[in-house]
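What follows is upload-v1.cif (mmCIF, C-alpha atoms).
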data_target
loop_
_atom_site.label_atom_id
_atom_site.label_comp_id
_atom_site.auth_asym_id
_atom_site.auth_seq_id
_atom_site.Cartn_x
_atom_site.Cartn_y
_atom_site.Cartn_z
CA MET A 1 2.93 20.29 -60.10
CA GLU A 2 3.10 23.69 -61.81
CA GLN A 3 -0.54 23.25 -62.83
CA GLU A 4 -1.48 22.44 -59.22
CA GLN A 5 0.34 25.56 -58.01
CA ALA A 6 -1.46 27.67 -60.62
CA ILE A 7 -4.80 26.28 -59.47
CA GLU A 8 -3.92 27.03 -55.84
CA ARG A 9 -2.99 30.61 -56.72
CA ILE A 10 -6.26 31.10 -58.59
CA ALA A 11 -8.24 29.61 -55.70
CA MET A 12 -6.51 31.96 -53.25
CA SER A 13 -7.22 34.98 -55.48
CA ILE A 14 -10.89 34.03 -55.65
CA GLU A 15 -11.06 33.65 -51.89
CA VAL A 16 -9.36 37.02 -51.32
CA ALA A 17 -11.64 38.74 -53.83
CA HIS A 18 -14.73 37.28 -52.16
CA TYR A 19 -13.55 38.28 -48.68
CA LEU A 20 -12.74 41.87 -49.66
CA ARG A 21 -16.07 42.27 -51.44
CA GLU A 22 -18.14 40.79 -48.63
CA GLU A 23 -16.35 42.45 -45.72
CA TYR A 24 -15.34 45.84 -47.12
CA ASN A 25 -17.13 46.20 -50.49
CA ILE A 26 -13.71 46.49 -52.12
CA LEU A 27 -13.52 45.22 -55.69
CA MET A 28 -10.55 43.15 -56.78
CA VAL A 29 -10.42 44.07 -60.44
CA ALA A 30 -7.53 41.93 -61.61
CA SER A 31 -4.49 39.93 -60.72
CA LEU A 32 -1.69 41.42 -62.80
CA GLY A 33 0.09 38.12 -63.37
CA PHE A 34 3.27 38.58 -61.34
CA GLN A 35 4.04 38.17 -57.69
CA ASN A 36 6.71 39.57 -55.43
CA ALA A 37 7.29 36.54 -53.27
CA TYR A 38 10.31 34.89 -51.72
CA CYS A 39 12.10 32.30 -53.82
CA PHE A 40 15.44 30.50 -53.86
CA ALA A 41 17.95 31.62 -56.46
CA MET A 42 21.41 30.32 -57.39
CA ARG A 43 24.24 30.96 -59.80
CA ARG A 44 23.61 29.10 -63.02
CA ASP A 45 26.99 27.31 -62.92
CA ARG A 46 26.60 26.20 -59.30
CA MET A 47 23.13 24.87 -60.01
CA ALA A 48 24.35 22.94 -63.06
CA GLY A 49 27.40 21.62 -61.21
CA LEU A 50 25.22 20.07 -58.52
CA GLY A 51 22.64 18.85 -61.03
CA LEU A 52 19.81 20.82 -59.43
CA SER A 53 16.49 21.86 -60.92
CA SER A 54 14.31 22.52 -57.90
CA ILE A 55 14.41 23.21 -54.17
CA ALA A 56 13.68 19.52 -53.62
CA ASP A 57 17.13 18.68 -55.00
CA LEU A 58 18.85 20.80 -52.35
CA SER A 59 18.21 18.24 -49.60
CA GLU A 60 20.83 15.87 -51.06
CA HIS A 61 23.48 18.57 -50.63
CA ALA A 62 22.09 20.36 -47.56
CA ALA A 63 25.12 19.83 -45.32
CA GLU A 64 27.46 21.46 -47.84
CA LEU A 65 25.29 24.46 -48.73
CA THR A 66 25.05 27.96 -47.29
CA VAL A 67 21.78 29.83 -47.73
CA GLY A 68 21.83 33.62 -47.51
CA GLY A 69 18.79 35.69 -46.68
CA ASP A 70 17.82 39.18 -45.62
CA THR A 71 17.77 40.03 -41.94
CA GLU A 72 14.12 38.98 -41.56
CA PHE A 73 14.02 35.92 -43.77
CA PHE A 74 15.14 33.22 -41.34
CA ALA A 75 12.63 34.38 -38.71
CA ARG A 76 9.70 34.29 -41.14
CA PRO A 77 7.26 31.40 -41.64
CA GLU A 78 8.30 31.21 -45.30
CA TRP A 79 11.74 29.93 -44.30
CA VAL A 80 10.35 27.50 -41.73
CA ASN A 81 7.89 26.12 -44.31
CA VAL A 82 10.59 25.63 -46.94
CA ARG A 83 13.14 24.21 -44.50
CA ASP A 84 10.70 21.65 -43.13
CA ALA A 85 9.00 20.80 -46.43
CA TYR A 86 12.30 20.01 -48.16
CA GLY A 87 14.41 18.72 -45.28
CA LEU A 88 16.91 21.57 -45.27
CA GLY A 89 17.69 21.58 -41.56
CA ALA A 90 21.37 20.82 -42.21
CA VAL A 91 22.08 23.88 -44.36
CA THR A 92 24.17 26.73 -42.99
CA THR A 93 22.23 30.00 -42.87
CA ARG A 94 23.69 33.47 -43.18
CA SER A 95 21.71 36.66 -42.56
CA MET A 96 22.71 39.76 -44.50
CA ASP A 97 21.36 43.03 -45.76
CA SER A 98 19.33 42.51 -48.93
CA THR A 99 21.53 45.13 -50.62
CA PHE A 100 24.49 42.73 -50.52
CA MET A 101 22.65 39.43 -50.86
CA TYR A 102 22.74 39.13 -54.65
CA GLN A 103 26.40 40.12 -54.84
CA ALA A 104 27.17 37.54 -52.16
CA VAL A 105 25.80 34.66 -54.23
CA GLN A 106 27.50 36.04 -57.33
CA ASP A 107 30.82 36.17 -55.44
CA LYS A 108 30.34 32.57 -54.18
CA LYS A 109 30.11 33.64 -50.55
CA VAL A 110 26.81 31.76 -50.30
CA ASP A 111 25.34 29.05 -52.51
CA VAL A 112 21.66 29.97 -52.43
CA ILE A 113 19.77 33.11 -51.53
CA GLY A 114 16.24 33.78 -50.42
CA ALA A 115 15.56 36.20 -53.26
CA TYR A 116 12.51 38.16 -54.35
CA THR A 117 10.82 36.85 -57.48
CA THR A 118 10.66 40.19 -59.29
CA ASP A 119 14.04 41.60 -58.25
CA GLY A 120 15.94 42.90 -61.28
CA ARG A 121 19.20 41.58 -59.88
CA ILE A 122 18.10 38.02 -60.68
CA THR A 123 18.36 38.92 -64.35
CA ALA A 124 21.38 41.18 -63.97
CA PHE A 125 23.45 38.51 -62.21
CA ASP A 126 22.13 35.69 -64.44
CA LEU A 127 20.71 33.80 -61.47
CA VAL A 128 18.22 30.96 -61.75
CA VAL A 129 15.08 30.71 -59.64
CA LEU A 130 14.67 27.16 -58.34
CA ASP A 131 11.30 25.52 -58.88
CA ASP A 132 9.20 25.03 -55.76
CA PRO A 133 7.30 21.77 -56.46
CA LYS A 134 5.68 21.67 -53.01
CA ALA A 135 4.60 25.31 -53.19
CA ALA A 136 6.22 25.90 -49.80
CA PHE A 137 6.66 29.59 -50.59
CA PRO A 138 3.20 31.21 -50.47
CA PRO A 139 2.11 33.38 -53.41
CA TYR A 140 2.13 37.16 -53.16
CA ASP A 141 0.25 38.14 -56.28
CA ALA A 142 0.04 41.77 -57.33
CA ILE A 143 -3.62 42.72 -57.54
CA VAL A 144 -5.61 45.82 -58.46
CA LEU A 145 -8.19 46.94 -55.89
CA LEU A 146 -10.87 49.60 -56.16
CA SER A 147 -12.68 51.38 -53.36
CA PRO A 148 -16.48 51.08 -53.19
CA LYS A 149 -16.84 54.50 -54.86
CA ALA A 150 -14.28 53.83 -57.61
CA ALA A 151 -15.82 50.42 -58.29
CA GLN A 152 -18.96 52.19 -59.50
CA ASP A 153 -17.02 53.66 -62.44
CA SER A 154 -17.59 51.02 -65.12
CA GLY A 155 -15.13 52.69 -67.50
CA LEU A 156 -12.35 52.54 -64.93
CA VAL A 157 -13.16 48.92 -64.13
CA SER A 158 -13.04 48.06 -67.83
CA VAL A 159 -9.66 49.75 -68.38
CA LEU A 160 -8.05 48.15 -65.33
CA SER A 161 -9.53 44.74 -66.10
CA ALA A 162 -7.55 44.74 -69.34
CA LEU A 163 -4.37 44.44 -67.25
CA ALA A 164 -5.33 41.01 -65.92
CA ASN A 165 -2.41 38.56 -66.26
CA LYS A 166 -0.53 40.93 -68.57
CA VAL A 167 2.61 41.41 -66.48
CA SER A 168 4.93 38.43 -65.96
CA ASP A 169 7.62 37.98 -63.33
CA ASP A 170 10.25 38.40 -66.08
CA MET A 171 8.74 41.70 -67.20
CA MET A 172 8.72 43.08 -63.67
CA ARG A 173 12.31 41.93 -63.11
CA GLU A 174 13.37 43.89 -66.16
CA ALA A 175 11.37 46.97 -65.10
CA ASN A 176 12.95 46.81 -61.65
CA ARG A 177 16.40 46.31 -63.18
CA LEU A 178 16.01 49.45 -65.27
CA VAL A 179 15.30 51.51 -62.15
CA ASP A 180 17.49 49.84 -59.52
CA LEU A 181 20.56 49.02 -61.57
CA GLU A 182 20.52 51.39 -64.55
CA GLY A 183 19.18 54.36 -62.62
CA GLN A 184 16.35 54.99 -65.05
CA SER A 185 13.20 56.73 -63.84
CA PRO A 186 10.01 54.87 -62.87
CA GLU A 187 8.43 56.62 -65.85
CA ARG A 188 10.90 54.93 -68.22
CA ALA A 189 10.20 51.59 -66.56
CA SER A 190 6.48 52.15 -67.01
CA GLU A 191 7.05 52.93 -70.68
CA PHE A 192 8.85 49.60 -70.99
CA LEU A 193 5.86 47.82 -69.41
CA TYR A 194 3.42 49.67 -71.68
CA ARG A 195 5.34 48.43 -74.72
CA GLU A 196 5.58 44.87 -73.42
CA ILE A 197 1.90 44.72 -72.53
CA GLY A 198 0.96 46.25 -75.86
CA LEU A 199 -0.82 49.33 -74.55
CA ASN A 200 -0.56 52.88 -75.79
CA LYS A 201 0.38 55.48 -73.25
#
Exercise: express the given structure as structure tokens:
Amino acid sequence: MEQEQAIERIAMSIEVAHYLREEYNILMVASLGFQNAYCFAMRRDRMAGLGLSSIADLSEHAAELTVGGDTEFFARPEWVNVRDAYGLGAVTTRSMDSTFMYQAVQDKKVDVIGAYTTDGRITAFDLVVLDDPKAAFPPYDAIVLLSPKAAQDSGLVSVLSALANKVSDDMMREANRLVDLEGQSPERASEFLYREIGLNK
């Protein structure tokens, strides 16, 4: 299923690139490799205690679970898609500010949260992102776009193309954690990414 999801993401990227080029003459240079999409995350111990590995497993425990999400999440199509695809109509939902969402699952006030795939708090709180075998959450890949004028600069295109698929979700989580939780500057986070990617600043 992971291979099918990867193929679907690639197909979507190709379609987006074609549309932007045809309609606006905008060049999609590269997909960076990470996405900032919704996902479901849980405490590692809670997940293990229920014997879960994916969102599909939640349906067996739906009536006893509380899912927390930001104030918009439960009104968005992403939630409706996931709820219907996995039979989660019996879960209890709880809307909250995203600032408190990760602490809420850590403090056992909710069982599952609608998290963001590259949020540094996933790593900081040792949460686990549940697999999405039905690809109910749509991809939100980070891509590099160039205007028609900038696309004529072959050197720029070459440099930016080298970033294709170089940044993983885990790398972006760590970069975000450095800024959001450790208070480091975006420049320090970028230095971390430069080192991880293997580029010289």
Between CA of Tyr116 in chain A and CA of Tyr38 in chain A, what is the spacing in Å?
4.7 Å
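For the set A:Gly87, A:Asp70, A:Arg195, A:Leu65, the residue with the smallest atom-to-atom gap to Leu50 in chain A is A:Leu65, counting only C-alpha atoms.
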What is the distance between CA of Arg83 in chain A and CA of Leu127 in chain A, in Å to one decimal?
20.9 Å
Counting all atoms listed in the file, which residues in range 2-91 of chain A sit no more than 10 Å from range 135-159 of chain A? For each one, give the nearest pair of atoms and the distance in Å, sorted by chain then residue number, as a tab-separated table.
residue	atom	partner	partner_atom	distance
A:Glu2	CA	A:Ala135	CA	8.9
A:Glu4	CA	A:Ala135	CA	9.0
A:Gln5	CA	A:Ala135	CA	6.4
A:Ala6	CA	A:Pro139	CA	9.9
A:Glu8	CA	A:Ala135	CA	9.1
A:Arg9	CA	A:Pro139	CA	6.7
A:Ile10	CA	A:Asp141	CA	9.9
A:Met12	CA	A:Pro139	CA	8.7
A:Ser13	CA	A:Asp141	CA	8.2
A:Ala17	CA	A:Leu145	CA	9.1
A:Leu20	CA	A:Leu145	CA	9.2
A:Arg21	CA	A:Pro148	CA	9.0
A:Tyr24	CA	A:Pro148	CA	8.1
A:Asn25	CA	A:Pro148	CA	5.6
A:Ile26	CA	A:Ser147	CA	5.1
A:Leu27	CA	A:Leu146	CA	5.1
A:Met28	CA	A:Leu145	CA	4.6
A:Val29	CA	A:Val144	CA	5.5
A:Ala30	CA	A:Val144	CA	5.4
A:Ser31	CA	A:Ile143	CA	4.3
A:Leu32	CA	A:Ala142	CA	5.7
A:Gly33	CA	A:Ala142	CA	7.1
A:Phe34	CA	A:Asp141	CA	5.9
A:Gln35	CA	A:Asp141	CA	4.0
A:Asn36	CA	A:Tyr140	CA	5.7
A:Ala37	CA	A:Tyr140	CA	5.2
A:Tyr38	CA	A:Phe137	CA	6.5
A:Cys39	CA	A:Phe137	CA	6.9
A:Phe40	CA	A:Phe137	CA	9.4
A:Ile55	CA	A:Ala136	CA	9.7
A:Pro77	CA	A:Phe137	CA	9.2
A:Glu78	CA	A:Phe137	CA	5.8
A:Trp79	CA	A:Phe137	CA	8.1
A:Val80	CA	A:Ala136	CA	9.2
A:Asn81	CA	A:Ala136	CA	5.7
A:Val82	CA	A:Ala136	CA	5.2
A:Arg83	CA	A:Ala136	CA	8.9
A:Asp84	CA	A:Ala136	CA	9.1
A:Ala85	CA	A:Ala136	CA	6.7
A:Tyr86	CA	A:Ala136	CA	8.6
Just give me the gap between CA of Ile122 in chain A and CA of Lys109 in chain A in Å, one decimal is fine.
16.3 Å
Could you list the residues chosen by the PyMOL selection byres ((chain A and resi 168) around 10) in this structure as number ranges by chain?
A: 32-35, 118, 165-167, 169-173, 196-197
Using all atoms listed in the file, can you tell me which of A:Ser161, A:Thr93, A:Arg177, A:Asp107 comes closest to Ala124 in chain A?
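Closest to Ala124 in chain A, using all atoms listed in the file: A:Arg177.
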Edge lengths and centre, in Å to one decimal, as AutoDock Vina command-line options: that's what I need for the box along x, y and z that holds all listed atoms of range 185-201 of chain A plus 3 Å on each side.
--center_x 6.2 --center_y 50.7 --center_z -69.4 --size_x 20.0 --size_y 18.0 --size_z 19.0
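Closest approach to Gly114 in chain A among A:Gly69, A:His61, A:Pro133, A:Ser190: A:Gly69, based on only C-alpha atoms.
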Could you tell me which of A:Val91, A:Val129, A:Leu181, A:Ala189 comes closest to Ser59 in chain A if we count all atoms listed in the file?
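Of A:Val91, A:Val129, A:Leu181, A:Ala189, the one nearest Ser59 in chain A is A:Val91, counting all atoms listed in the file.
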